[in-house]
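For reference, entry_23.txt is printed below; it contains compact mmCIF, C-alpha atoms and all ligand atoms.
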```
# COMPACT_ATOMS: atom_id res chain seq x y z
CA MET A 1 0.00 0.00 0.00
CA SER A 2 1.39 3.41 -0.96
CA VAL A 3 0.78 5.90 1.83
CA SER A 4 1.69 9.48 2.60
CA PRO A 5 4.46 9.75 5.20
CA CYS A 6 3.65 10.00 8.90
CA ASP A 7 2.97 13.62 9.85
CA LEU A 8 4.79 13.16 13.14
CA CYS A 9 7.95 11.21 12.30
CA GLY A 10 8.09 11.09 8.48
CA HIS A 11 8.27 7.30 8.25
CA ASP A 12 5.95 5.47 5.85
CA LYS A 13 5.32 2.04 7.38
CA PHE A 14 1.80 1.69 8.71
CA GLU A 15 -0.21 -1.20 10.07
CA ILE A 16 -4.00 -1.34 9.69
CA ILE A 17 -5.74 -1.40 13.08
CA GLY A 18 -9.36 -0.74 12.11
CA ARG A 19 -11.64 -1.28 9.13
CA THR A 20 -14.78 0.66 10.14
CA ASP A 21 -15.71 3.96 11.76
CA ARG A 22 -17.85 4.30 14.89
CA HIS A 23 -21.02 4.01 12.80
CA GLY A 24 -19.90 0.83 11.05
CA ALA A 25 -19.10 2.52 7.72
CA PRO A 26 -15.87 1.47 5.97
CA LEU A 27 -12.85 3.43 7.23
CA ASP A 28 -9.30 2.10 7.29
CA THR A 29 -7.35 3.32 10.31
CA ALA A 30 -3.61 2.73 10.58
CA VAL A 31 -0.81 3.14 13.10
CA CYS A 32 2.72 4.31 12.22
CA THR A 33 5.03 1.47 13.27
CA HIS A 34 7.82 3.92 14.09
CA CYS A 35 6.19 6.53 16.37
CA GLY A 36 2.71 5.08 17.01
CA LEU A 37 0.68 7.93 15.50
CA VAL A 38 -2.81 6.70 14.56
CA ARG A 39 -4.53 8.14 11.49
CA HIS A 40 -6.71 7.38 8.50
CA ALA A 41 -4.80 4.95 6.28
CA ALA A 42 -5.57 7.22 3.31
CA VAL A 43 -5.24 10.89 4.24
CA PRO A 44 -7.72 12.93 2.14
CA THR A 45 -6.34 15.47 -0.31
CA GLU A 46 -6.72 19.20 0.36
CA ALA A 47 -9.39 19.36 -2.37
CA GLU A 48 -11.36 16.45 -0.88
CA LEU A 49 -11.19 18.03 2.55
CA ASN A 50 -12.28 21.47 1.32
CA ARG A 51 -15.25 19.89 -0.40
CA PHE A 52 -16.17 18.00 2.78
CA TYR A 53 -16.03 21.08 5.03
CA SER A 54 -17.55 23.59 2.64
CA THR A 55 -20.61 21.50 1.88
CA THR A 56 -21.91 18.74 4.08
CA TYR A 57 -19.72 18.94 7.17
CA ARG A 58 -21.83 21.01 9.54
CA GLU A 59 -24.95 19.07 8.71
CA ASP A 60 -23.23 15.67 8.83
CA TYR A 61 -21.26 16.31 11.95
CA ASN A 62 -23.57 18.44 14.03
CA GLY A 63 -26.94 17.99 12.40
CA GLU A 64 -27.37 21.76 12.33
CA LYS A 65 -26.54 24.70 10.08
CA VAL A 66 -26.98 27.30 12.79
CA PRO A 67 -26.16 26.52 16.42
CA GLY A 68 -29.10 25.48 18.59
CA ALA A 69 -29.57 26.75 22.15
CA ARG A 70 -28.22 23.59 23.82
CA ARG A 71 -25.12 23.65 21.66
CA ILE A 72 -24.50 27.31 22.52
CA MET A 73 -24.93 26.69 26.24
CA ARG A 74 -22.59 23.71 26.11
CA ALA A 75 -20.01 25.74 24.15
CA TRP A 76 -20.24 28.56 26.70
CA ASN A 77 -19.78 26.20 29.65
CA ASN A 78 -16.88 24.56 27.85
CA GLY A 79 -15.30 27.97 27.27
CA GLN A 80 -15.63 28.72 30.98
CA ARG A 81 -13.94 25.42 31.84
CA ILE A 82 -11.06 26.15 29.47
CA CYS A 83 -10.66 29.74 30.66
CA GLY A 84 -10.80 28.51 34.27
CA GLN A 85 -7.92 26.09 33.76
CA VAL A 86 -5.76 28.04 31.29
CA GLY A 87 -6.54 31.68 32.20
CA PRO A 88 -4.63 31.71 35.52
CA LEU A 89 -1.47 30.55 33.68
CA LEU A 90 -1.59 33.43 31.16
CA GLU A 91 -0.49 37.05 31.56
CA PRO A 92 -3.58 39.06 32.59
CA GLY A 93 -5.04 40.98 29.66
CA CYS A 94 -2.81 39.30 27.07
CA ARG A 95 -3.74 38.77 23.41
CA VAL A 96 -5.35 35.37 22.86
CA LEU A 97 -6.33 33.76 19.56
CA GLU A 98 -8.62 30.78 19.18
CA VAL A 99 -8.02 28.86 15.95
CA GLY A 100 -11.17 27.03 14.84
CA ALA A 101 -13.38 29.05 17.15
CA GLY A 102 -16.58 27.18 16.18
CA ILE A 103 -19.50 29.03 17.76
CA GLY A 104 -17.10 31.60 19.25
CA CYS A 105 -18.24 31.28 22.86
CA THR A 106 -14.74 30.56 24.21
CA VAL A 107 -13.45 33.78 22.62
CA LYS A 108 -16.21 35.73 24.36
CA VAL A 109 -15.56 34.04 27.71
CA PHE A 110 -11.86 34.99 27.53
CA GLU A 111 -12.80 38.56 26.56
CA ARG A 112 -15.10 38.82 29.58
CA GLN A 113 -12.21 37.66 31.76
CA GLY A 114 -10.16 40.64 30.60
CA PHE A 115 -8.13 39.07 27.78
CA ARG A 116 -7.84 40.62 24.32
CA ALA A 117 -9.46 37.60 22.72
CA GLU A 118 -10.00 36.93 19.03
CA GLY A 119 -11.12 33.92 17.05
CA ILE A 120 -10.96 32.61 13.51
CA ASP A 121 -12.83 29.79 11.81
CA PRO A 122 -12.69 28.75 8.15
CA GLY A 123 -16.29 27.48 8.05
CA GLY A 124 -17.87 30.48 9.66
CA GLU A 125 -21.55 29.54 9.71
CA PHE A 126 -21.53 29.06 13.48
CA LEU A 127 -19.19 32.01 14.00
CA LYS A 128 -21.84 34.45 12.81
CA PHE A 129 -23.76 33.79 16.01
CA SER A 130 -21.03 35.10 18.32
CA ARG A 131 -20.09 37.94 15.96
CA ASP A 132 -23.64 39.19 15.50
CA GLN A 133 -25.30 38.23 18.80
CA LEU A 134 -22.47 38.26 21.36
CA ASN A 135 -20.30 40.96 19.78
CA ALA A 136 -17.26 38.68 19.97
CA SER A 137 -14.16 39.55 17.98
CA VAL A 138 -14.23 36.71 15.47
CA GLN A 139 -13.59 36.48 11.76
CA ILE A 140 -14.06 33.95 9.02
CA THR A 141 -10.60 33.13 7.80
CA ASP A 142 -8.04 30.37 7.52
CA LEU A 143 -5.11 29.88 9.91
CA TYR A 144 -2.61 30.20 7.08
CA GLN A 145 -3.92 33.65 6.12
CA LEU A 146 -2.57 35.04 9.40
CA PRO A 147 1.00 36.38 9.15
CA GLU A 148 3.64 34.70 11.33
CA ASP A 149 4.44 37.96 13.11
CA GLN A 150 4.61 36.75 16.72
CA SER A 151 1.74 39.00 17.74
CA PHE A 152 -0.13 36.68 20.14
CA GLU A 153 0.66 35.70 23.71
CA ALA A 154 -1.57 32.63 23.60
CA VAL A 155 -3.24 30.41 21.02
CA LEU A 156 -6.06 27.93 21.68
CA LEU A 157 -6.73 24.92 19.44
CA VAL A 158 -9.74 23.04 20.80
CA HIS A 159 -11.05 19.96 19.00
CA VAL A 160 -9.45 21.00 15.74
CA ILE A 161 -6.12 19.17 15.46
CA GLU A 162 -7.78 15.78 14.91
CA HIS A 163 -9.47 17.15 11.77
CA LEU A 164 -6.28 18.30 10.05
CA ARG A 165 -4.41 16.66 7.17
CA SER A 166 -1.17 17.95 8.66
CA PRO A 167 -1.25 18.83 12.35
CA ARG A 168 2.49 19.56 12.03
CA GLN A 169 1.91 22.31 9.46
CA ALA A 170 -0.70 23.92 11.75
CA LEU A 171 1.49 23.76 14.86
CA GLU A 172 4.49 25.19 13.01
CA HIS A 173 2.35 28.08 11.80
CA ILE A 174 0.93 28.63 15.30
CA ALA A 175 4.48 28.75 16.66
CA GLY A 176 5.08 31.63 14.23
CA LEU A 177 2.00 33.50 15.50
CA LEU A 178 3.25 33.39 19.10
CA LYS A 179 5.63 35.69 20.90
CA PRO A 180 8.67 33.90 22.35
CA GLY A 181 7.50 32.18 25.54
CA GLY A 182 3.85 32.37 24.42
CA MET A 183 1.37 29.69 25.42
CA PHE A 184 -0.37 27.10 23.26
CA TYR A 185 -3.37 25.18 24.59
CA VAL A 186 -4.54 22.13 22.67
CA GLU A 187 -7.47 19.85 23.34
CA CYS A 188 -8.55 16.78 21.34
CA PRO A 189 -10.03 13.30 21.90
CA ASN A 190 -7.77 10.94 23.85
CA LEU A 191 -7.50 7.67 21.95
CA GLN A 192 -6.02 6.07 25.04
CA ALA A 193 -9.03 6.73 27.26
CA PRO A 194 -10.99 3.52 27.79
CA PHE A 195 -14.27 5.23 27.01
CA ALA A 196 -15.42 3.07 24.14
CA ARG A 197 -14.79 -0.23 22.47
CA ARG A 198 -12.32 -0.28 19.64
CA LYS A 199 -14.92 -0.52 16.91
CA ARG A 200 -16.56 2.61 18.30
CA LEU A 201 -13.35 4.68 18.35
CA PHE A 202 -12.75 5.97 14.88
CA HIS A 203 -14.46 8.89 13.21
CA SER A 204 -14.49 9.75 9.50
CA ALA A 205 -13.80 13.45 10.27
CA HIS A 206 -10.92 12.68 12.65
CA ILE A 207 -7.95 12.15 10.35
CA HIS A 208 -5.43 11.90 13.19
CA ASN A 209 -6.04 10.26 16.57
CA PHE A 210 -3.75 11.23 19.45
CA VAL A 211 -2.56 9.62 22.66
CA PRO A 212 -0.65 11.74 25.23
CA SER A 213 2.70 10.68 23.86
CA THR A 214 2.04 11.49 20.18
CA LEU A 215 0.54 14.90 21.00
CA GLN A 216 3.52 15.78 23.16
CA MET A 217 6.09 14.49 20.63
CA LEU A 218 4.42 16.49 17.86
CA ALA A 219 4.19 19.75 19.82
CA GLU A 220 7.76 19.46 21.08
CA SER A 221 9.04 18.87 17.56
CA CYS A 222 7.26 22.09 16.48
CA GLY A 223 8.95 24.35 19.03
CA PHE A 224 6.93 23.85 22.21
CA LYS A 225 7.56 22.47 25.71
CA LEU A 226 4.81 20.86 27.81
CA ARG A 227 3.86 23.13 30.72
CA LYS A 228 0.80 21.36 32.11
CA ARG A 229 -1.53 18.51 31.37
CA PHE A 230 -5.10 18.76 32.64
CA GLY A 231 -7.36 15.76 33.33
CA ASP A 232 -6.21 12.17 33.89
CA ASP A 233 -5.65 9.09 31.71
CA GLN A 234 -9.34 8.22 31.95
CA ASP A 235 -10.39 11.59 30.61
CA PRO A 236 -11.97 11.32 27.15
CA ASN A 237 -10.05 14.42 26.06
CA LEU A 238 -6.38 15.33 26.05
CA GLN A 239 -5.91 18.82 27.45
CA MET A 240 -2.36 20.12 27.26
CA LEU A 241 -0.78 23.52 27.73
CA PHE A 242 2.54 24.06 25.96
CA GLN A 243 4.95 26.98 26.03
CA HIS A 244 6.76 28.24 22.96
CA SER A 245 10.42 27.31 23.38
CA GLY A 246 11.71 27.80 19.84
CA SER A 247 13.58 24.52 20.02
CA CYS A 248 12.21 21.90 17.63
CA GLU A 249 13.29 18.48 18.78
CA LEU A 250 11.70 15.30 17.52
CA GLN A 251 12.33 12.75 20.23
CA ILE A 252 10.59 9.50 19.39
CA ASP A 253 9.03 7.68 22.32
CA GLU A 254 10.31 4.27 21.19
CA ASP A 255 7.74 2.31 23.18
CA ASN A 256 4.69 4.29 22.04
CA TYR A 257 3.82 2.14 19.02
CA ARG A 258 3.78 -1.09 21.05
CA ARG A 259 1.93 0.56 23.92
CA THR A 260 -0.72 2.12 21.68
CA VAL A 261 -1.44 -1.13 19.84
CA GLU A 262 -1.61 -3.02 23.13
CA GLN A 263 -3.96 -0.46 24.70
CA LEU A 264 -6.25 -0.49 21.67
CA GLY A 265 -6.34 -4.30 21.84
CA ARG A 266 -7.30 -4.10 25.48
CA SER A 267 -10.11 -1.63 24.81
CA ASP A 268 -12.12 -4.53 23.38
CA PHE A 269 -12.23 -5.91 26.91
CA LEU A 270 -12.70 -3.01 29.25
CA PRO A 271 -11.62 -3.72 32.81
CA TYR A 272 -14.33 -3.41 35.45
CA HIS A 273 -13.24 -0.02 36.86
CA ALA A 274 -13.12 1.47 33.35
CA ARG A 275 -16.62 0.22 32.59
CA VAL A 276 -17.91 1.71 35.86
CA ARG A 277 -16.24 5.01 35.01
CA TYR A 278 -17.71 4.88 31.51
CA VAL A 279 -21.22 4.27 32.82
CA THR A 280 -21.01 6.97 35.52
CA ASP A 281 -19.58 9.47 33.00
CA ARG A 282 -22.35 8.56 30.60
CA MET A 283 -25.04 8.99 33.26
CA ARG A 284 -23.61 12.35 34.26
CA LYS A 285 -23.68 13.34 30.61
CA LEU A 286 -27.29 12.27 30.17
CA ALA A 287 -28.24 14.19 33.32
CA THR A 288 -26.48 17.22 31.85
CA TYR A 289 -28.43 16.83 28.61
CA ALA A 290 -31.74 16.77 30.47
CA ASP A 291 -30.73 19.85 32.42
CA GLU A 292 -29.62 21.57 29.22
CA HIS A 293 -32.91 20.89 27.56
CA LEU A 294 -34.74 22.73 30.32
CA ARG A 295 -32.38 25.64 30.70
CA ALA A 296 -30.81 26.25 27.29
CA ARG A 297 -33.27 28.66 25.68
CA ARG A 298 -33.41 30.90 28.72
CA PHE A 299 -29.63 30.68 29.13
CA VAL A 300 -28.99 31.82 25.54
CA SER A 301 -31.45 34.72 25.62
CA ASP A 302 -29.87 35.94 28.91
CA LEU A 303 -26.42 35.56 27.35
CA ILE A 304 -27.38 37.60 24.28
CA ASN A 305 -28.82 40.33 26.52
CA ARG A 306 -25.71 40.42 28.72
CA CYS A 307 -23.24 40.44 25.83
CA GLY A 308 -25.39 42.83 23.80
CA ASP A 309 -25.05 45.37 26.63
CA GLU A 310 -21.28 45.13 26.31
CA ALA A 311 -21.19 46.08 22.64
CA PRO A 312 -17.97 47.96 21.85
CA PRO A 313 -18.49 51.72 21.29
CA GLN A 314 -17.65 51.58 17.58
CA VAL A 315 -20.66 49.30 17.04
CA SER A 316 -23.59 51.65 16.61
CA GLY A 317 -26.76 50.90 18.54
CA LYS A 318 -30.24 50.70 17.15
CA ALA A 319 -31.53 53.86 15.56
CA ALA A 320 -33.94 55.65 17.87
ZN ZN A 401 5.29 8.10 12.69
```
Transcribe the structure of this file into structure tokens.
Amino acid sequence: MSVSPCDLCGHDKFEIIGRTDRHGAPLDTAVCTHCGLVRHAAVPTEAELNRFYSTTYREDYNGEKVPGARRIMRAWNNGQRICGQVGPLLEPGCRVLEVGAGIGCTVKVFERQGFRAEGIDPGGEFLKFSRDQLNASVQITDLYQLPEDQSFEAVLLVHVIEHLRSPRQALEHIAGLLKPGGMFYVECPNLQAPFARRKRLFHSAHIHNFVPSTLQMLAESCGFKLRKRFGDDQDPNLQMLFQHSGSCELQIDEDNYRRTVEQLGRSDFLPYHARVRYVTDRMRKLATYADEHLRARRFVSDLINRCGDEAPPQVSGKAA
């Protein structure tokens, strides 16, 4: 099989570890036998990817073209969680950019906490909500349109990296956006978390699947040093804060390939404690959904009122 080289280590030997996605549709997933990075066996071309995201993606992936109230409330709460864990480690009032801002709630949360927060998103449909209703500083553009002029103190990349053809290209560009010593927060699904059986793991929109080791190796080879990891090994998401170091060292974790394959094999037979954790997490999630259903509409209208009151002076109000 002819494959594109591994985005992390550049080697080109892969082993197939999955034949279907989480919905049972055909999807070949492979692991790099050198570094252990897991990805689609066939990485889509730029043209294929553009077509996917510009047409059916929002509807396929989210089932919505405009964000619904529950989605907005969830995004806001998520933004508060991220700001709560990352904010105290940033310089107060510093310039923060979210790449792939989605609905744009996280940008607004950071702004309300005193940061100069901005967001970009290439899709943009969801972004219109926060731009028009929350007065957030967001724009529809692509990461690579931003000049590498070291003008940000922090960059956030939340549930984006797994969708990219080349996470390395994105991280190298982000390093160029950051001032020396700037912070980079990345969050993505944790393939190592025993949250689902192997056949339920893979997603057609997630081109790359990370474990702690591959995310750290990649970031460190793009000029970052790990400052803090949030959550534990059971957490369904990796949440890592890196600091720009300027030193790009690819240090392969030699044991990662073997460990990753072994852990994925084990996820077919979840140990008892992992199953209990899965069920309790799931129940908590369902309880949250029920709560969201009741509160979301009210929450969003209050949010729009609050943020509407904070409109920047250059935005003219309604004509009398
Ligand atoms: Zn590799």
Contacts between range 165-182 of chain A and range 211-232 of chain A, please, where a residue of range 211-232 of chain A counts if it comes within 10 Å (with all atoms listed in the file); show its shortest atom pair and distance in Å to one decimal, rows by chain and ascending number, as a tab-separated table.
```
residue	atom	partner	partner_atom	distance
A:Leu215	CA	A:Pro167	CA	9.7
A:Leu218	CA	A:Arg168	CA	6.9
A:Ala219	CA	A:Leu171	CA	6.9
A:Glu220	CA	A:Leu171	CA	9.8
A:Ser221	CA	A:Arg168	CA	8.6
A:Cys222	CA	A:Glu172	CA	5.4
A:Gly223	CA	A:Ala175	CA	6.7
A:Phe224	CA	A:Ala175	CA	7.8
A:Lys225	CA	A:Gly181	CA	9.7
```
How would you report the residues lying within 7 Å of ligand ZN 401 (chain A), as a PDB file with C-alpha atoms, in the frame of the given file, if you count all atoms listed in the file?
```
ATOM      1  CA  CYS A   6       3.650  10.000   8.900  1.00  0.00           C
ATOM      2  CA  ASP A   7       2.970  13.620   9.850  1.00  0.00           C
ATOM      3  CA  LEU A   8       4.790  13.160  13.140  1.00  0.00           C
ATOM      4  CA  CYS A   9       7.950  11.210  12.300  1.00  0.00           C
ATOM      5  CA  GLY A  10       8.090  11.090   8.480  1.00  0.00           C
ATOM      6  CA  HIS A  11       8.270   7.300   8.250  1.00  0.00           C
ATOM      7  CA  CYS A  32       2.720   4.310  12.220  1.00  0.00           C
ATOM      8  CA  THR A  33       5.030   1.470  13.270  1.00  0.00           C
ATOM      9  CA  HIS A  34       7.820   3.920  14.090  1.00  0.00           C
ATOM     10  CA  CYS A  35       6.190   6.530  16.370  1.00  0.00           C
ATOM     11  CA  GLY A  36       2.710   5.080  17.010  1.00  0.00           C
ATOM     12  CA  LEU A  37       0.680   7.930  15.500  1.00  0.00           C
TER      13      LEU A  37
END
```
CA of Gln192 in chain A to CA of Asp235 in chain A, straight-line distance in Å: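 Interatomic distance, CA of Asp235 in chain A to CA of Gln192 in chain A: 9.0 Å.
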Length of the CA of Phe184 in chain A to CA of Leu157 in chain A vector [Å]: 7.7 Å
Atom-to-atom span, CA of His40 in chain A and CA of Arg266 in chain A, Å: 20.5 Å
